[in-house]
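> Have a peek at final_8.txt (compact mmCIF, C-alpha atoms and all ligand atoms).
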```
# COMPACT_ATOMS: atom_id res chain seq x y z
CA MET A 1 -6.42 -6.35 -37.33
CA GLU A 2 -7.39 -9.99 -37.50
CA ASN A 3 -10.71 -10.83 -39.06
CA ILE A 4 -13.17 -11.46 -36.25
CA ASP A 5 -16.40 -13.36 -36.50
CA TRP A 6 -18.09 -11.18 -33.86
CA SER A 7 -21.32 -13.16 -33.71
CA ASN A 8 -19.39 -16.34 -32.88
CA LEU A 9 -16.96 -14.83 -30.41
CA PRO A 10 -17.02 -16.87 -27.18
CA PHE A 11 -17.81 -15.38 -23.78
CA GLY A 12 -14.12 -15.48 -22.92
CA TYR A 13 -10.90 -13.48 -22.85
CA HIS A 14 -9.57 -11.99 -26.07
CA LYS A 15 -6.44 -9.85 -25.84
CA PRO A 16 -7.24 -6.12 -26.00
CA ASP A 17 -4.68 -3.37 -26.79
CA TYR A 18 -4.51 -1.45 -23.51
CA ASN A 19 -5.56 -1.46 -19.89
CA VAL A 20 -5.72 1.34 -17.34
CA ARG A 21 -4.16 1.21 -13.86
CA CYS A 22 -4.03 3.30 -10.73
CA HIS A 23 -2.03 2.79 -7.51
CA PHE A 24 -2.92 3.68 -3.92
CA LYS A 25 0.28 4.37 -1.99
CA ASN A 26 1.23 6.54 0.98
CA GLY A 27 -2.42 7.14 1.76
CA LYS A 28 -3.50 8.43 -1.67
CA TRP A 29 -4.55 7.38 -5.16
CA GLY A 30 -2.16 8.35 -7.95
CA GLU A 31 -2.75 9.27 -11.59
CA LEU A 32 -4.17 6.84 -14.16
CA GLU A 33 -1.53 4.90 -16.09
CA ILE A 34 -2.03 3.27 -19.47
CA SER A 35 -0.41 -0.10 -20.05
CA SER A 36 -0.25 -2.50 -22.97
CA SER A 37 0.96 -5.39 -20.80
CA GLU A 38 -1.51 -8.10 -19.83
CA TYR A 39 0.57 -8.87 -16.73
CA LEU A 40 0.73 -7.31 -13.28
CA ASN A 41 4.00 -7.18 -11.41
CA ILE A 42 2.89 -7.89 -7.87
CA HIS A 43 4.61 -8.42 -4.51
CA GLN A 44 4.65 -12.08 -3.44
CA ALA A 45 3.21 -11.12 -0.03
CA ALA A 46 0.36 -8.98 -1.46
CA THR A 47 -2.82 -9.48 0.59
CA ALA A 48 -4.80 -10.21 -2.59
CA LEU A 49 -2.77 -13.37 -3.14
CA HIS A 50 -3.01 -14.76 0.38
CA TYR A 51 -6.00 -13.33 2.16
CA GLY A 52 -8.35 -12.74 -0.75
CA GLN A 53 -8.33 -8.94 -0.57
CA GLN A 54 -9.74 -8.41 -4.03
CA ALA A 55 -12.99 -7.24 -5.60
CA PHE A 56 -14.06 -6.90 -9.19
CA GLU A 57 -16.88 -5.69 -11.38
CA GLY A 58 -18.42 -6.74 -14.68
CA MET A 59 -20.21 -4.46 -17.10
CA LYS A 60 -20.55 -3.93 -20.84
CA ALA A 61 -20.12 -1.24 -23.49
CA TYR A 62 -22.40 -1.60 -26.49
CA ARG A 63 -22.08 -0.25 -30.04
CA GLY A 64 -25.26 1.63 -30.92
CA LYS A 65 -27.05 1.87 -34.28
CA ASN A 66 -25.30 5.10 -35.19
CA GLY A 67 -21.90 3.81 -34.15
CA GLU A 68 -22.02 5.47 -30.72
CA ILE A 69 -20.40 3.78 -27.69
CA ARG A 70 -22.98 3.10 -24.98
CA ILE A 71 -22.16 2.25 -21.36
CA PHE A 72 -24.89 0.82 -19.15
CA ARG A 73 -25.31 2.09 -15.55
CA TRP A 74 -21.62 2.38 -14.67
CA GLU A 75 -22.49 4.32 -11.50
CA GLU A 76 -24.25 1.24 -10.13
CA ASN A 77 -21.11 -0.81 -10.73
CA TYR A 78 -19.15 1.93 -9.01
CA LYS A 79 -21.42 1.82 -5.94
CA ARG A 80 -21.21 -1.97 -5.79
CA MET A 81 -17.42 -1.93 -6.03
CA GLU A 82 -17.28 0.67 -3.28
CA ARG A 83 -19.46 -1.57 -1.08
CA SER A 84 -17.27 -4.60 -1.90
CA ALA A 85 -14.15 -2.60 -0.97
CA HIS A 86 -15.63 -1.55 2.38
CA GLY A 87 -16.88 -5.13 2.95
CA ILE A 88 -13.35 -6.56 3.01
CA LEU A 89 -11.57 -3.45 4.32
CA MET A 90 -9.94 -2.28 1.08
CA GLU A 91 -9.38 1.31 0.01
CA PRO A 92 -12.23 2.24 -2.36
CA VAL A 93 -11.37 3.97 -5.64
CA PRO A 94 -12.71 7.54 -5.94
CA LYS A 95 -15.77 7.72 -8.21
CA GLN A 96 -14.09 10.02 -10.73
CA THR A 97 -11.07 7.69 -10.97
CA PHE A 98 -13.41 4.75 -11.60
CA LYS A 99 -15.28 6.65 -14.31
CA ASP A 100 -12.17 7.99 -16.02
CA ALA A 101 -10.53 4.55 -15.97
CA ILE A 102 -13.47 2.69 -17.51
CA PHE A 103 -14.17 5.38 -20.13
CA LYS A 104 -10.47 5.51 -21.04
CA ALA A 105 -10.14 1.71 -21.21
CA VAL A 106 -13.14 1.53 -23.55
CA LYS A 107 -12.02 4.43 -25.74
CA LEU A 108 -8.44 3.15 -26.05
CA ASN A 109 -9.78 -0.24 -27.17
CA GLU A 110 -12.49 1.19 -29.40
CA ARG A 111 -11.56 -1.10 -32.28
CA TRP A 112 -12.55 -4.08 -30.10
CA ILE A 113 -16.13 -2.91 -29.57
CA PRO A 114 -18.19 -5.35 -31.63
CA PRO A 115 -20.36 -3.85 -34.38
CA HIS A 116 -24.05 -3.16 -33.77
CA GLY A 117 -26.29 -6.05 -34.76
CA THR A 118 -23.85 -8.85 -33.93
CA GLY A 119 -25.19 -9.30 -30.39
CA ALA A 120 -21.60 -9.04 -29.13
CA ALA A 121 -20.35 -6.34 -26.72
CA LEU A 122 -17.21 -5.11 -24.99
CA TYR A 123 -17.00 -6.57 -21.49
CA ILE A 124 -15.38 -4.24 -18.93
CA ARG A 125 -13.61 -5.76 -15.94
CA PRO A 126 -12.59 -3.34 -13.14
CA LEU A 127 -10.39 -5.07 -10.54
CA LEU A 128 -9.25 -3.82 -7.14
CA ILE A 129 -6.59 -5.74 -5.22
CA GLY A 130 -4.63 -5.40 -2.02
CA SER A 131 -1.10 -5.05 -3.44
CA GLY A 132 0.76 -4.15 -0.24
CA ALA A 133 2.83 -6.85 1.51
CA GLU A 134 1.55 -8.23 4.83
CA ILE A 135 2.16 -11.53 6.55
CA GLY A 136 -0.25 -11.08 9.46
CA VAL A 137 -3.94 -11.20 8.51
CA LYS A 138 -4.73 -7.52 8.12
CA PRO A 139 -5.72 -5.09 5.37
CA ALA A 140 -2.98 -3.97 2.96
CA LYS A 141 -1.71 -0.41 3.00
CA GLU A 142 -1.34 -0.36 -0.80
CA TYR A 143 -3.90 -1.12 -3.51
CA LEU A 144 -3.96 -1.50 -7.26
CA PHE A 145 -6.96 -0.71 -9.43
CA VAL A 146 -6.95 -2.10 -12.97
CA VAL A 147 -9.54 -1.85 -15.73
CA PHE A 148 -9.26 -4.15 -18.70
CA VAL A 149 -11.75 -4.91 -21.44
CA THR A 150 -12.37 -7.83 -23.74
CA PRO A 151 -14.85 -8.33 -26.57
CA VAL A 152 -17.42 -11.01 -25.77
CA GLY A 153 -19.82 -12.75 -28.09
CA PRO A 154 -23.54 -13.09 -27.55
CA TYR A 155 -24.08 -15.40 -24.60
CA PHE A 156 -26.54 -17.53 -26.53
CA LYS A 157 -25.08 -18.53 -29.87
CA ALA A 158 -28.15 -20.59 -30.65
CA GLY A 159 -30.46 -17.67 -29.83
CA PHE A 160 -32.43 -16.90 -26.70
CA LYS A 161 -33.17 -20.46 -25.52
CA PRO A 162 -33.91 -22.03 -22.11
CA ILE A 163 -31.17 -23.78 -20.16
CA ASP A 164 -31.52 -26.47 -17.50
CA ILE A 165 -30.08 -25.99 -14.01
CA ALA A 166 -29.79 -28.06 -10.82
CA ILE A 167 -30.18 -27.40 -7.08
CA VAL A 168 -26.97 -28.14 -5.15
CA ARG A 169 -27.01 -28.71 -1.42
CA ASP A 170 -23.59 -30.04 -0.52
CA SER A 171 -21.60 -26.84 -1.01
CA ASP A 172 -22.31 -23.15 -0.33
CA ARG A 173 -20.94 -20.13 -2.19
CA THR A 174 -21.25 -17.94 0.89
CA ALA A 175 -21.96 -18.01 4.63
CA PRO A 176 -25.14 -16.45 6.13
CA LEU A 177 -23.23 -13.44 7.50
CA GLY A 178 -20.40 -13.77 4.98
CA THR A 179 -19.45 -11.87 1.85
CA GLY A 180 -22.20 -13.06 -0.51
CA MET A 181 -23.44 -9.52 -1.15
CA TYR A 182 -19.99 -8.37 -2.28
CA LYS A 183 -18.34 -9.12 -5.59
CA VAL A 184 -15.18 -10.62 -4.14
CA GLY A 185 -13.14 -13.50 -5.54
CA GLY A 186 -13.54 -15.75 -2.49
CA ASN A 187 -17.23 -16.28 -3.27
CA TYR A 188 -16.36 -17.48 -6.75
CA ALA A 189 -13.66 -19.87 -5.49
CA ALA A 190 -16.26 -21.29 -3.07
CA SER A 191 -18.74 -21.65 -5.95
CA LEU A 192 -16.45 -23.82 -8.10
CA PRO A 193 -17.30 -27.21 -6.48
CA GLY A 194 -21.03 -26.53 -6.95
CA ILE A 195 -20.47 -25.54 -10.59
CA LYS A 196 -18.38 -28.68 -11.16
CA GLU A 197 -21.01 -30.90 -9.56
CA THR A 198 -23.84 -29.44 -11.64
CA LYS A 199 -21.86 -29.59 -14.90
CA GLU A 200 -20.94 -33.21 -14.23
CA ALA A 201 -24.61 -34.01 -13.68
CA GLY A 202 -25.34 -32.46 -17.10
CA TYR A 203 -26.77 -29.08 -16.04
CA ALA A 204 -25.70 -25.60 -17.05
CA GLN A 205 -25.61 -23.83 -13.67
CA PRO A 206 -26.11 -24.50 -9.93
CA LEU A 207 -29.12 -23.07 -8.13
CA TYR A 208 -27.96 -22.09 -4.65
CA LEU A 209 -30.29 -22.16 -1.66
CA ASP A 210 -29.79 -20.05 1.45
CA SER A 211 -26.82 -21.56 3.26
CA LYS A 212 -28.36 -21.41 6.72
CA GLU A 213 -31.54 -23.43 6.30
CA LYS A 214 -31.61 -24.49 2.62
CA LYS A 215 -35.25 -23.35 2.63
CA TYR A 216 -35.08 -20.33 0.35
CA ILE A 217 -33.73 -19.63 -3.11
CA ASP A 218 -30.57 -17.54 -3.29
CA GLU A 219 -29.16 -17.30 -6.80
CA ILE A 220 -28.15 -19.14 -9.95
CA GLY A 221 -24.39 -19.41 -10.57
CA ALA A 222 -23.24 -15.85 -11.31
CA ALA A 223 -26.75 -14.52 -11.88
CA ASN A 224 -29.82 -13.62 -9.82
CA PHE A 225 -33.00 -15.73 -9.82
CA PHE A 226 -36.47 -14.66 -10.84
CA GLY A 227 -39.76 -16.49 -11.14
CA ILE A 228 -42.90 -15.28 -12.86
CA LYS A 229 -46.52 -16.01 -12.02
CA ASN A 230 -49.77 -14.04 -12.25
CA ASN A 231 -47.99 -11.37 -14.29
CA THR A 232 -45.63 -10.77 -11.34
CA TYR A 233 -41.82 -10.76 -11.40
CA ILE A 234 -40.70 -12.38 -8.12
CA THR A 235 -37.05 -12.25 -7.03
CA PRO A 236 -35.36 -13.24 -3.76
CA ASP A 237 -34.65 -10.68 -1.09
CA SER A 238 -31.59 -12.19 0.63
CA ASN A 239 -28.48 -10.74 2.22
CA SER A 240 -26.25 -13.44 0.80
CA ILE A 241 -26.78 -12.79 -2.91
CA LEU A 242 -25.00 -10.29 -5.11
CA PRO A 243 -27.33 -7.34 -5.81
CA SER A 244 -27.51 -7.64 -9.61
CA ILE A 245 -27.69 -4.44 -11.64
CA THR A 246 -29.58 -6.31 -14.36
CA ASN A 247 -32.12 -7.46 -11.76
CA LYS A 248 -32.44 -3.94 -10.31
CA SER A 249 -33.02 -2.57 -13.83
CA ILE A 250 -35.68 -5.18 -14.59
CA GLN A 251 -37.47 -4.34 -11.34
CA GLU A 252 -37.38 -0.65 -12.23
CA MET A 253 -38.72 -1.08 -15.76
CA ALA A 254 -41.21 -3.93 -15.11
CA PRO A 255 -44.09 -1.60 -14.06
CA ASP A 256 -43.75 0.23 -17.41
CA LEU A 257 -44.20 -3.14 -19.15
CA GLY A 258 -47.33 -3.77 -17.07
CA ILE A 259 -45.58 -6.35 -14.87
CA LYS A 260 -45.83 -6.31 -11.06
CA VAL A 261 -42.73 -6.82 -8.91
CA GLU A 262 -42.16 -8.64 -5.61
CA ALA A 263 -38.73 -8.81 -3.92
CA ARG A 264 -39.03 -11.17 -0.94
CA PRO A 265 -37.75 -14.50 0.37
CA VAL A 266 -38.72 -17.23 -2.10
CA PRO A 267 -39.21 -20.70 -0.52
CA VAL A 268 -38.02 -23.69 -2.57
CA GLU A 269 -41.59 -25.09 -2.56
CA GLU A 270 -42.70 -22.09 -4.57
CA LEU A 271 -40.73 -23.42 -7.55
CA GLU A 272 -43.68 -25.56 -8.52
CA THR A 273 -45.97 -22.55 -8.79
CA PHE A 274 -43.96 -20.46 -11.29
CA GLU A 275 -45.03 -20.13 -14.92
CA GLU A 276 -41.56 -18.95 -15.99
CA VAL A 277 -38.15 -18.94 -14.30
CA GLY A 278 -34.98 -17.17 -15.37
CA ALA A 279 -31.49 -16.06 -14.39
CA CYS A 280 -30.45 -12.44 -14.91
CA GLY A 281 -27.01 -10.84 -15.07
CA THR A 282 -24.66 -8.88 -17.31
CA ALA A 283 -23.33 -11.92 -19.22
CA ALA A 284 -26.61 -13.19 -20.66
CA ILE A 285 -28.96 -10.37 -19.51
CA ILE A 286 -31.64 -13.08 -19.16
CA ALA A 287 -31.16 -16.83 -19.33
CA PRO A 288 -34.58 -18.47 -19.37
CA ILE A 289 -34.71 -21.71 -17.38
CA GLY A 290 -36.33 -24.76 -18.99
CA LYS A 291 -35.99 -27.20 -16.09
CA ILE A 292 -34.72 -27.22 -12.52
CA LYS A 293 -33.53 -30.60 -11.30
CA ASP A 294 -33.33 -31.17 -7.57
CA LEU A 295 -30.33 -33.51 -7.48
CA ASP A 296 -30.95 -34.78 -3.92
CA GLN A 297 -34.69 -35.23 -4.01
CA ASP A 298 -34.98 -36.61 -7.53
CA ARG A 299 -37.65 -34.15 -8.61
CA THR A 300 -37.76 -31.83 -11.60
CA PHE A 301 -39.59 -28.54 -12.09
CA THR A 302 -40.39 -27.84 -15.74
CA TYR A 303 -41.03 -24.38 -17.19
CA SER A 304 -40.39 -25.00 -20.87
CA SER A 305 -40.37 -28.29 -22.68
CA ASP A 306 -40.59 -26.94 -26.24
CA GLY A 307 -37.23 -25.09 -26.21
CA LYS A 308 -38.95 -21.68 -26.13
CA PRO A 309 -38.65 -19.00 -23.45
CA GLY A 310 -41.80 -17.71 -21.75
CA PRO A 311 -43.56 -14.56 -23.02
CA ILE A 312 -42.78 -12.32 -20.04
CA SER A 313 -39.08 -13.24 -19.94
CA THR A 314 -38.93 -12.55 -23.68
CA LYS A 315 -40.65 -9.17 -23.30
CA ILE A 316 -38.22 -8.09 -20.55
CA TYR A 317 -35.18 -9.41 -22.46
CA ASN A 318 -36.07 -7.57 -25.69
CA LYS A 319 -36.75 -4.33 -23.88
CA LEU A 320 -33.56 -4.33 -21.81
CA LEU A 321 -31.31 -5.40 -24.68
CA GLY A 322 -33.04 -2.80 -26.87
CA ILE A 323 -32.14 -0.05 -24.38
CA GLN A 324 -28.56 -1.28 -24.07
CA PHE A 325 -27.92 -1.46 -27.82
CA GLY A 326 -29.94 1.70 -28.52
CA ASP A 327 -32.72 0.07 -30.53
CA GLU A 328 -35.19 1.28 -27.90
CA GLU A 329 -35.57 4.61 -26.12
CA ASP A 330 -33.82 4.90 -22.74
CA PRO A 331 -36.36 6.78 -20.62
CA TYR A 332 -34.43 5.92 -17.42
CA GLY A 333 -31.11 7.64 -18.14
CA TRP A 334 -29.24 4.34 -17.86
CA ILE A 335 -26.94 4.92 -20.83
CA ASP A 336 -23.88 7.15 -21.02
CA ILE A 337 -22.38 7.80 -24.43
CA ILE A 338 -18.59 7.83 -24.59
CA GLU A 339 -17.38 10.56 -26.94
C1 LIG A 401 -22.87 -13.99 -8.00
C2 LIG A 401 -23.50 -13.09 -9.01
N1 LIG A 401 -24.81 -12.83 -8.94
C3 LIG A 401 -25.42 -12.02 -9.82
C4 LIG A 401 -24.72 -11.40 -10.84
C5 LIG A 401 -25.43 -10.50 -11.81
O1 LIG A 401 -25.14 -9.15 -11.55
P1 LIG A 401 -25.18 -8.06 -12.69
O2 LIG A 401 -26.56 -8.04 -13.23
O3 LIG A 401 -24.81 -6.79 -12.02
O4 LIG A 401 -24.19 -8.50 -13.72
C6 LIG A 401 -23.35 -11.64 -10.97
C7 LIG A 401 -22.58 -10.99 -12.04
O5 LIG A 401 -22.06 -9.93 -11.83
C8 LIG A 401 -22.72 -12.49 -10.02
O6 LIG A 401 -21.40 -12.74 -10.12
```
As a first step, turn the structure in this file into structure tokens.
Ligand SMILES: Cc1ncc(COP(=O)(O)O)c(C=O)c1O

Amino acid sequence: MENIDWSNLPFGYHKPDYNVRCHFKNGKWGELEISSSEYLNIHQAATALHYGQQAFEGMKAYRGKNGEIRIFRWEENYKRMERSAHGILMEPVPKQTFKDAIFKAVKLNERWIPPHGTGAALYIRPLLIGSGAEIGVKPAKEYLFVVFVTPVGPYFKAGFKPIDIAIVRDSDRTAPLGTGMYKVGGNYAASLPGIKETKEAGYAQPLYLDSKEKKYIDEIGAANFFGIKNNTYITPDSNSILPSITNKSIQEMAPDLGIKVEARPVPVEELETFEEVGACGTAAIIAPIGKIKDLDQDRTFTYSSDGKPGPISTKIYNKLLGIQFGDEEDPYGWIDIIE
């Protein structure tokens, strides 16, 4: 095996050994298949390719202190994928098939799980696509479920440091009654212009506002938003954001850290009242925000000017990462160990 500098691995694709697949045909799901090919052989008229019938998930397996393989809240990813499938009329994968496929994909690629202490983890990508051929706009009759994994480095190579983001107003990732609450590819295609615009302006991620009125905060790139003030963790309640499992976990553990929680619409004006702001999601767990630039109104909200994250974001980050890597107790039953 090549020599890998785990701590400097990018957050990108690195070829694993195997993936796991399952087909839905003739009204039923088949047996799991193991493949070592990185390619899918797919019909040119598959609905996934033309009409965006596809959903995916993102989760991580962590190597614990004693070498154990730890998976974080896979049932939540299952539930979200099931909702995504229903949302765009795809055939959901049975829960047991989902579990067996992710556990098998991790176990078969065990040598790619980064060692404990490197900050790196094994990213798990379940993918469900309409594979049946249709030319009219309608749901496919056949589906393909694939789980592949890839080792990913720590999101912050330079340590846990604030990033700067920008509000974008001239593109939306989702419509008010659209598919924003599902993890489907179309939302990500729609988010690319906003990401491009923010990167070109010199910012790390776009901050999306609600697409109907542009009055409330939705989310930050592929992560949820939170603001902190008066020892309270405040996060948007909106039906056009992806319900983040990291965010849900933070809300569940915050009271045990002595932090209050509010999930409610967050008006843009409130940005000036926060003591700390952050983005939360599987990739970075928490990305503290240093500054938010409003590109149209030429104003900037500053939360950190010394390159340091705020104390509450740091407390939450250390606790959650500690549970995931097994350096802290898991009183919530969030971790499954893969034997
Ligand atoms: C649009 C969007 N929002 C939020 C998140 C964060 O969700 P989670 O914490 O489940 O990774 C993700 C990543 O999955 C995402 O793609």
> Nearest to Leu122 in chain A: which of A:Lys138, A:Lys60, A:Phe98, A:Thr246 is it, counting all atoms listed in the file?
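Smallest distance to Leu122 in chain A is found for A:Lys60.
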> Would you tabulate, counting only C-alpha atoms and all ligand atoms, all residues of chain A that have an atom at most 7 Å from an atom of ligand LIG 401 (chain A), showing the closest pair of atoms and their distance in Å to one decimal, sorted by chain then ascending number, as a tab-separated table?

```
residue	atom	partner	partner_atom	distance
A:Glu57	CA	A:LIG401	O5	6.7
A:Gly58	CA	A:LIG401	O5	5.6
A:Met59	CA	A:LIG401	O4	6.6
A:Lys183	CA	A:LIG401	O6	6.6
A:Glu219	CA	A:LIG401	N1	6.6
A:Gly221	CA	A:LIG401	C1	6.2
A:Ala222	CA	A:LIG401	C2	3.6
A:Ala223	CA	A:LIG401	C3	3.5
A:Asn224	CA	A:LIG401	C3	4.7
A:Ile241	CA	A:LIG401	N1	6.3
A:Leu242	CA	A:LIG401	N1	4.6
A:Pro243	CA	A:LIG401	O1	6.4
A:Ser244	CA	A:LIG401	O1	3.4
A:Ile245	CA	A:LIG401	O3	3.7
A:Thr246	CA	A:LIG401	O2	3.7
A:Asn247	CA	A:LIG401	O2	5.8
A:Cys280	CA	A:LIG401	O2	6.1
A:Gly281	CA	A:LIG401	O2	3.4
A:Thr282	CA	A:LIG401	O4	3.6
A:Ala283	CA	A:LIG401	O4	6.5
```
> Would you mind listing what lies within 7 Å of range 253-267 of chain A as a VMD selection string, with only C-alpha atoms counted and same-chain residues fewer than 4 positions away left out?
chain A and resid 215 to 217 231 to 238 249
> Quick one: everything within 6 Å of Asp218 in chain A, counting only C-alpha atoms, minus sequence neighbours fewer than 6 positions away in the same chain. Send it as a PyMOL selection string.
chain A and resi 208-210
> Within 12 Å of (-32.4, -23.1, -15.7) in the file's own coordinates, which protein, DNA or RNA residues have an atom, counting all atoms listed in the file? List them as an MDAnalysis selection string.
chainID A and resid 161:167 198 202:208 219:221 223:227 271 276:280 286:294 300:305 307 309
> As a PDB file with C-alpha atoms, keeping the file's coordinate frame, please: the residues near Tyr155 in chain A (cut-off 9 Å, only C-alpha atoms, same-chain neighbours under 4 positions excluded).

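The resulting result19.pdb:
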```pdb
ATOM      1  CA  PRO A  10     -17.020 -16.870 -27.180  1.00  0.00           C
ATOM      2  CA  PHE A  11     -17.810 -15.380 -23.780  1.00  0.00           C
ATOM      3  CA  GLY A 119     -25.190  -9.300 -30.390  1.00  0.00           C
ATOM      4  CA  ALA A 120     -21.600  -9.040 -29.130  1.00  0.00           C
ATOM      5  CA  GLY A 159     -30.460 -17.670 -29.830  1.00  0.00           C
ATOM      6  CA  PHE A 160     -32.430 -16.900 -26.700  1.00  0.00           C
ATOM      7  CA  ALA A 283     -23.330 -11.920 -19.220  1.00  0.00           C
ATOM      8  CA  ALA A 284     -26.610 -13.190 -20.660  1.00  0.00           C
ATOM      9  CA  ILE A 285     -28.960 -10.370 -19.510  1.00  0.00           C
ATOM     10  CA  ALA A 287     -31.160 -16.830 -19.330  1.00  0.00           C
TER      11      ALA A 287
END
```
> Using all atoms listed in the file, which of A:Tyr13, A:Phe56, A:Trp112, A:Tyr51 sits nearest Ser84 in chain A?
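Closest to Ser84 in chain A, using all atoms listed in the file: A:Phe56.
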> Please identify all polymer residues within 10 Å of Leu144 in chain A, counting all atoms listed in the file, omitting same-chain residues fewer than 5 positions from it, and present them as a PyMOL selection string.
chain A and resi 21-25+29+40+42+48+54+91+93+127-132
> What is the distance, in Å and to one decimal place, between CA of Ile335 in chain A and CA of Arg73 in chain A?
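Result for CA of Ile335 in chain A versus CA of Arg73 in chain A: 6.2 Å, one decimal.
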> Please provide the set of residues having any atom within 8 Å of Ser35 in chain A, restricted to all atoms listed in the file, with same-chain residues fewer than 5 positions apart removed, written as a list in words.
Tyr18, Asn19, Val20 and Arg21 of chain A
> In terms of the shortest atom-to-atom distance over all atoms listed in the file, which of A:Pro94, A:Gly185, A:Gly87, A:Pro151 is closest to Pro16 in chain A?
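Of A:Pro94, A:Gly185, A:Gly87, A:Pro151, the one nearest Pro16 in chain A is A:Pro151, counting all atoms listed in the file.
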> As an exercise, work out the distance from CA of Met90 in chain A to CA of Ser36 in chain A in Å and give it to one decimal place.
25.9 Å
> Counting all atoms listed in the file, figure out which residue out of A:Leu321, A:Ala55, A:Ile195, A:Ile338 gets nearest to Pro92 in chain A.
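The answer is A:Ala55, which sits nearest to Pro92 in chain A.
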> What does the structure give for the distance between CA of Met81 in chain A and CA of Phe103 in chain A, in Å to one decimal?
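Distance reported for this atom pair: 16.2 Å.
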> Tell me which of A:Lys196, A:Arg80, A:Arg173, A:Lys65 sits closest to Ile323 in chain A, counting all atoms listed in the file.
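The answer is A:Lys65, which sits nearest to Ile323 in chain A.
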> Quick one: range 50-67 of chain A with N, CA and C atoms, as a PDB file, keeping the file's coordinate frame?

```pdb
ATOM      1  N   HIS A  50      -2.940 -13.848  -0.768  1.00  0.00           N
ATOM      2  CA  HIS A  50      -3.010 -14.760   0.380  1.00  0.00           C
ATOM      3  C   HIS A  50      -4.339 -14.707   1.115  1.00  0.00           C
ATOM      4  N   TYR A  51      -4.829 -13.497   1.304  1.00  0.00           N
ATOM      5  CA  TYR A  51      -6.000 -13.330   2.160  1.00  0.00           C
ATOM      6  C   TYR A  51      -7.227 -12.863   1.389  1.00  0.00           C
ATOM      7  N   GLY A  52      -7.163 -12.992   0.072  1.00  0.00           N
ATOM      8  CA  GLY A  52      -8.350 -12.740  -0.750  1.00  0.00           C
ATOM      9  C   GLY A  52      -8.819 -11.298  -0.751  1.00  0.00           C
ATOM     10  N   GLN A  53      -7.896 -10.347  -0.507  1.00  0.00           N
ATOM     11  CA  GLN A  53      -8.330  -8.940  -0.570  1.00  0.00           C
ATOM     12  C   GLN A  53      -8.407  -8.532  -2.032  1.00  0.00           C
ATOM     13  N   GLN A  54      -9.528  -8.787  -2.638  1.00  0.00           N
ATOM     14  CA  GLN A  54      -9.740  -8.410  -4.030  1.00  0.00           C
ATOM     15  C   GLN A  54     -11.225  -8.317  -4.319  1.00  0.00           C
ATOM     16  N   ALA A  55     -11.590  -7.385  -5.167  1.00  0.00           N
ATOM     17  CA  ALA A  55     -12.990  -7.240  -5.600  1.00  0.00           C
ATOM     18  C   ALA A  55     -12.967  -6.891  -7.079  1.00  0.00           C
ATOM     19  N   PHE A  56     -14.025  -7.211  -7.755  1.00  0.00           N
ATOM     20  CA  PHE A  56     -14.060  -6.900  -9.190  1.00  0.00           C
ATOM     21  C   PHE A  56     -15.464  -6.510  -9.602  1.00  0.00           C
ATOM     22  N   GLU A  57     -15.577  -6.042 -10.827  1.00  0.00           N
ATOM     23  CA  GLU A  57     -16.880  -5.690 -11.380  1.00  0.00           C
ATOM     24  C   GLU A  57     -17.002  -6.261 -12.790  1.00  0.00           C
ATOM     25  N   GLY A  58     -18.191  -6.264 -13.322  1.00  0.00           N
ATOM     26  CA  GLY A  58     -18.420  -6.740 -14.680  1.00  0.00           C
ATOM     27  C   GLY A  58     -19.520  -5.921 -15.301  1.00  0.00           C
ATOM     28  N   MET A  59     -19.214  -5.298 -16.426  1.00  0.00           N
ATOM     29  CA  MET A  59     -20.210  -4.460 -17.100  1.00  0.00           C
ATOM     30  C   MET A  59     -19.914  -4.478 -18.586  1.00  0.00           C
ATOM     31  N   LYS A  60     -20.786  -3.863 -19.395  1.00  0.00           N
ATOM     32  CA  LYS A  60     -20.550  -3.930 -20.840  1.00  0.00           C
ATOM     33  C   LYS A  60     -20.694  -2.567 -21.507  1.00  0.00           C
ATOM     34  N   ALA A  61     -19.919  -2.372 -22.584  1.00  0.00           N
ATOM     35  CA  ALA A  61     -20.120  -1.240 -23.490  1.00  0.00           C
ATOM     36  C   ALA A  61     -20.690  -1.808 -24.781  1.00  0.00           C
ATOM     37  N   TYR A  62     -21.683  -1.120 -25.316  1.00  0.00           N
ATOM     38  CA  TYR A  62     -22.400  -1.600 -26.490  1.00  0.00           C
ATOM     39  C   TYR A  62     -22.222  -0.612 -27.641  1.00  0.00           C
ATOM     40  N   ARG A  63     -22.139  -1.129 -28.864  1.00  0.00           N
ATOM     41  CA  ARG A  63     -22.080  -0.250 -30.040  1.00  0.00           C
ATOM     42  C   ARG A  63     -23.501   0.003 -30.519  1.00  0.00           C
ATOM     43  N   GLY A  64     -23.897   1.272 -30.522  1.00  0.00           N
ATOM     44  CA  GLY A  64     -25.260   1.630 -30.920  1.00  0.00           C
ATOM     45  C   GLY A  64     -25.431   1.646 -32.444  1.00  0.00           C
ATOM     46  N   LYS A  65     -26.689   1.852 -32.846  1.00  0.00           N
ATOM     47  CA  LYS A  65     -27.050   1.870 -34.280  1.00  0.00           C
ATOM     48  C   LYS A  65     -26.241   2.873 -35.086  1.00  0.00           C
ATOM     49  N   ASN A  66     -26.012   4.048 -34.469  1.00  0.00           N
ATOM     50  CA  ASN A  66     -25.300   5.100 -35.190  1.00  0.00           C
ATOM     51  C   ASN A  66     -23.810   5.080 -34.906  1.00  0.00           C
ATOM     52  N   GLY A  67     -23.334   3.952 -34.390  1.00  0.00           N
ATOM     53  CA  GLY A  67     -21.900   3.810 -34.150  1.00  0.00           C
ATOM     54  C   GLY A  67     -21.465   4.342 -32.790  1.00  0.00           C
TER      55      GLY A  67
END
```
